[in-house]
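Below: coords-v3.pdb (PDB, C-alpha atoms)
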ATOM      1  CA  MET F 227     -67.771  15.503   6.587
ATOM      2  CA  VAL F 228     -68.242  12.000   5.160
ATOM      3  CA  TRP F 229     -67.707  13.327   1.637
ATOM      4  CA  ALA F 230     -64.379  14.820   2.652
ATOM      5  CA  LEU F 231     -63.274  11.458   3.990
ATOM      6  CA  VAL F 232     -64.402   9.691   0.806
ATOM      7  CA  VAL F 233     -62.591  12.235  -1.363
ATOM      8  CA  ALA F 234     -59.439  11.884   0.748
ATOM      9  CA  VAL F 235     -59.493   8.088   0.447
ATOM     10  CA  VAL F 236     -60.044   8.255  -3.312
ATOM     11  CA  LEU F 237     -57.186  10.724  -3.708
ATOM     12  CA  LEU F 238     -54.867   8.527  -1.663
ATOM     13  CA  LEU F 239     -55.770   5.526  -3.802
ATOM     14  CA  LEU F 240     -55.149   7.487  -7.008
ATOM     15  CA  ILE F 241     -51.801   8.732  -5.740
ATOM     16  CA  GLY F 242     -50.780   5.218  -4.744
ATOM     17  CA  TRP F 243     -51.823   3.783  -8.102
ATOM     18  CA  SER F 244     -50.018   6.473 -10.047
ATOM     19  CA  ASN F 245     -46.899   5.979  -7.924
ATOM     20  CA  LEU F 246     -46.909   2.248  -8.720
ATOM     21  CA  THR F 247     -47.397   3.005 -12.415
ATOM     22  CA  LEU F 248     -44.478   5.426 -12.419
ATOM     23  CA  GLN F 249     -42.246   2.950 -10.612
ATOM     24  CA  LYS F 250     -43.077   0.310 -13.227
ATOM     25  CA  GLN F 251     -42.238   2.739 -16.050
ATOM     26  CA  VAL F 252     -38.946   3.667 -14.384
ATOM     27  CA  ARG F 253     -37.957  -0.002 -14.060
ATOM     28  CA  HIS F 254     -38.840  -0.575 -17.712
ATOM     29  CA  LEU F 255     -36.757   2.408 -18.834
ATOM     30  CA  GLN F 256     -33.832   1.297 -16.670
ATOM     31  CA  GLU F 257     -33.935  -2.111 -18.354
ATOM     32  CA  GLU F 258     -33.942  -0.458 -21.772
ATOM     33  CA  ILE F 259     -31.020   1.775 -20.825
ATOM     34  CA  THR F 260     -29.092  -1.260 -19.657
ATOM     35  CA  ASP F 261     -29.862  -3.021 -22.948
ATOM     36  CA  LEU F 262     -28.769   0.006 -24.961
ATOM     37  CA  ARG F 263     -25.519   0.404 -23.034
ATOM     38  CA  ALA F 264     -24.581  -3.241 -23.422
ATOM     39  CA  GLY F 265     -22.035  -2.580 -26.139
ATOM     40  CA  GLN F 266     -24.415  -1.802 -28.969
ATOM     41  CA  ASP F 267     -23.228   0.573 -31.639
ATOM     42  CA  LEU F 268     -25.274   3.560 -32.760
ATOM     43  CA  SER F 269     -27.070   1.809 -35.614
ATOM     44  CA  GLU F 270     -28.090  -1.070 -33.328
ATOM     45  CA  ARG F 271     -29.513   1.386 -30.808
ATOM     46  CA  VAL F 272     -31.381   3.186 -33.603
ATOM     47  CA  ARG F 273     -32.853  -0.090 -34.890
ATOM     48  CA  TYR F 274     -33.833  -1.058 -31.353
ATOM     49  CA  LEU F 275     -35.713   2.189 -30.749
ATOM     50  CA  VAL F 276     -37.403   2.153 -34.162
ATOM     51  CA  HIS F 277     -38.435  -1.467 -33.588
ATOM     52  CA  LYS F 278     -40.002  -0.409 -30.265
ATOM     53  CA  GLY F 279     -42.015   2.300 -32.082
ATOM     54  CA  ARG F 280     -39.876   5.107 -30.711
ATOM     55  CA  ALA F 281     -38.550   6.638 -33.925
ATOM     56  CA  ILE F 282     -38.536  10.182 -32.533
ATOM     57  CA  GLU F 283     -36.246   9.085 -29.701
ATOM     58  CA  ALA F 284     -34.031   7.305 -32.230
ATOM     59  CA  ILE F 285     -33.744  10.498 -34.271
ATOM     60  CA  ALA F 286     -32.952  12.563 -31.182
ATOM     61  CA  MET F 287     -30.330  10.059 -30.050
ATOM     62  CA  TYR F 288     -28.762   9.908 -33.517
ATOM     63  CA  ARG F 289     -28.741  13.677 -33.731
ATOM     64  CA  SER F 290     -27.115  13.988 -30.311
ATOM     65  CA  ALA F 291     -24.480  11.359 -31.099
ATOM     66  CA  THR F 292     -23.540  12.701 -34.528
ATOM     67  CA  GLY F 293     -24.186  16.424 -34.288
ATOM     68  CA  LEU F 294     -26.188  16.353 -37.522
ATOM     69  CA  GLY F 295     -29.298  18.424 -38.077
ATOM     70  CA  LEU F 296     -32.838  17.224 -37.622
ATOM     71  CA  LEU F 297     -33.556  16.409 -41.270
ATOM     72  CA  GLU F 298     -30.219  14.646 -41.795
ATOM     73  CA  SER F 299     -30.712  12.603 -38.622
ATOM     74  CA  LYS F 300     -34.274  11.674 -39.629
ATOM     75  CA  ASN F 301     -33.078  10.529 -43.045
ATOM     76  CA  ALA F 302     -30.211   8.529 -41.520
ATOM     77  CA  VAL F 303     -32.538   6.796 -39.051
ATOM     78  CA  GLU F 304     -34.927   5.901 -41.870
ATOM     79  CA  VAL F 305     -32.069   4.433 -43.903
ATOM     80  CA  ILE F 306     -30.769   2.427 -40.942
ATOM     81  CA  ALA F 307     -34.240   1.077 -40.141
ATOM     82  CA  LYS F 308     -35.004   0.306 -43.799
ATOM     83  CA  ASN F 309     -31.715  -1.481 -44.501
ATOM     84  CA  ASN F 310     -31.905  -3.543 -41.312
ATOM     85  CA  PRO F 311     -35.575  -4.311 -40.628
ATOM     86  CA  GLN F 312     -34.919  -7.231 -38.298
ATOM     87  CA  LEU F 313     -33.663  -6.638 -34.790
TER
END

Can you dump the structure from the file as structure tokens?
Amino acid sequence: MVWALVVAVVLLLLIGWSNLTLQKQVRHLQEEITDLRAGQDLSERVRYLVHKGRAIEAIAMYRSATGLGLLESKNAVEVIAKNNPQL
């Protein structure tokens, strides 16, 4: 019976911790979305994501915005990041 109580307490603590972690991630993503929507053009958003180490998201965003294929979008993102290394 004591073990069940210990397991229940541990599970509640894990759930609480993971909830706090998720809330922190959501706030961080909301801040990034706000930054990205603040009048930046597509190449600025691509550079921002690449600078943050999120090149795959940059490619997906570029692909969605332009309608290009995967390879063309990847190449475009690489060119944008290479030609404008500073953010």

One decimal, in Å: what's the spacing between CA of Glu257 in chain F and CA of Ala286 in chain F? 19.5 Å

Expand the PyMOL selection byres ((chain F and resi 302-311) around 10) into the individual residues it matches in the shown file, reporting them as a list in words. Leu268, Ser269, Glu270, Val272, Arg273, Tyr274, Leu275, Val276, His277, Ala281, Ile282, Ala284, Ile285, Ala286, Met287, Tyr288, Arg289, Leu294, Leu296, Leu297, Glu298, Ser299, Lys300, Asn301, Gln312 and Leu313 of chain F

I need the residues from that last selection saved to file as a PDB file, in the frame of the given file (with C-alpha atoms), if you can.
ATOM      1  CA  LEU F 268     -25.274   3.560 -32.760  1.00  0.00           C
ATOM      2  CA  SER F 269     -27.070   1.809 -35.614  1.00  0.00           C
ATOM      3  CA  GLU F 270     -28.090  -1.070 -33.328  1.00  0.00           C
ATOM      4  CA  VAL F 272     -31.381   3.186 -33.603  1.00  0.00           C
ATOM      5  CA  ARG F 273     -32.853  -0.090 -34.890  1.00  0.00           C
ATOM      6  CA  TYR F 274     -33.833  -1.058 -31.353  1.00  0.00           C
ATOM      7  CA  LEU F 275     -35.713   2.189 -30.749  1.00  0.00           C
ATOM      8  CA  VAL F 276     -37.403   2.153 -34.162  1.00  0.00           C
ATOM      9  CA  HIS F 277     -38.435  -1.467 -33.588  1.00  0.00           C
ATOM     10  CA  ALA F 281     -38.550   6.638 -33.925  1.00  0.00           C
ATOM     11  CA  ILE F 282     -38.536  10.182 -32.533  1.00  0.00           C
ATOM     12  CA  ALA F 284     -34.031   7.305 -32.230  1.00  0.00           C
ATOM     13  CA  ILE F 285     -33.744  10.498 -34.271  1.00  0.00           C
ATOM     14  CA  ALA F 286     -32.952  12.563 -31.182  1.00  0.00           C
ATOM     15  CA  MET F 287     -30.330  10.059 -30.050  1.00  0.00           C
ATOM     16  CA  TYR F 288     -28.762   9.908 -33.517  1.00  0.00           C
ATOM     17  CA  ARG F 289     -28.741  13.677 -33.731  1.00  0.00           C
ATOM     18  CA  LEU F 294     -26.188  16.353 -37.522  1.00  0.00           C
ATOM     19  CA  LEU F 296     -32.838  17.224 -37.622  1.00  0.00           C
ATOM     20  CA  LEU F 297     -33.556  16.409 -41.270  1.00  0.00           C
ATOM     21  CA  GLU F 298     -30.219  14.646 -41.795  1.00  0.00           C
ATOM     22  CA  SER F 299     -30.712  12.603 -38.622  1.00  0.00           C
ATOM     23  CA  LYS F 300     -34.274  11.674 -39.629  1.00  0.00           C
ATOM     24  CA  ASN F 301     -33.078  10.529 -43.045  1.00  0.00           C
ATOM     25  CA  GLN F 312     -34.919  -7.231 -38.298  1.00  0.00           C
ATOM     26  CA  LEU F 313     -33.663  -6.638 -34.790  1.00  0.00           C
TER      27      LEU F 313
END

Could you please determine the separation between CA of Ala230 in chain F and CA of Leu246 in chain F in Å, to one decimal place? 24.3 Å

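Closest approach to Asp267 in chain F from the set F:Ser244, F:Gln251, F:Glu283, F:Ala291 is made by F:Ala291, with distances taken over only C-alpha atoms.
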
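The spacing separating CA of Gly279 in chain F from CA of Gln249 in chain F amounts to 21.5 Å.
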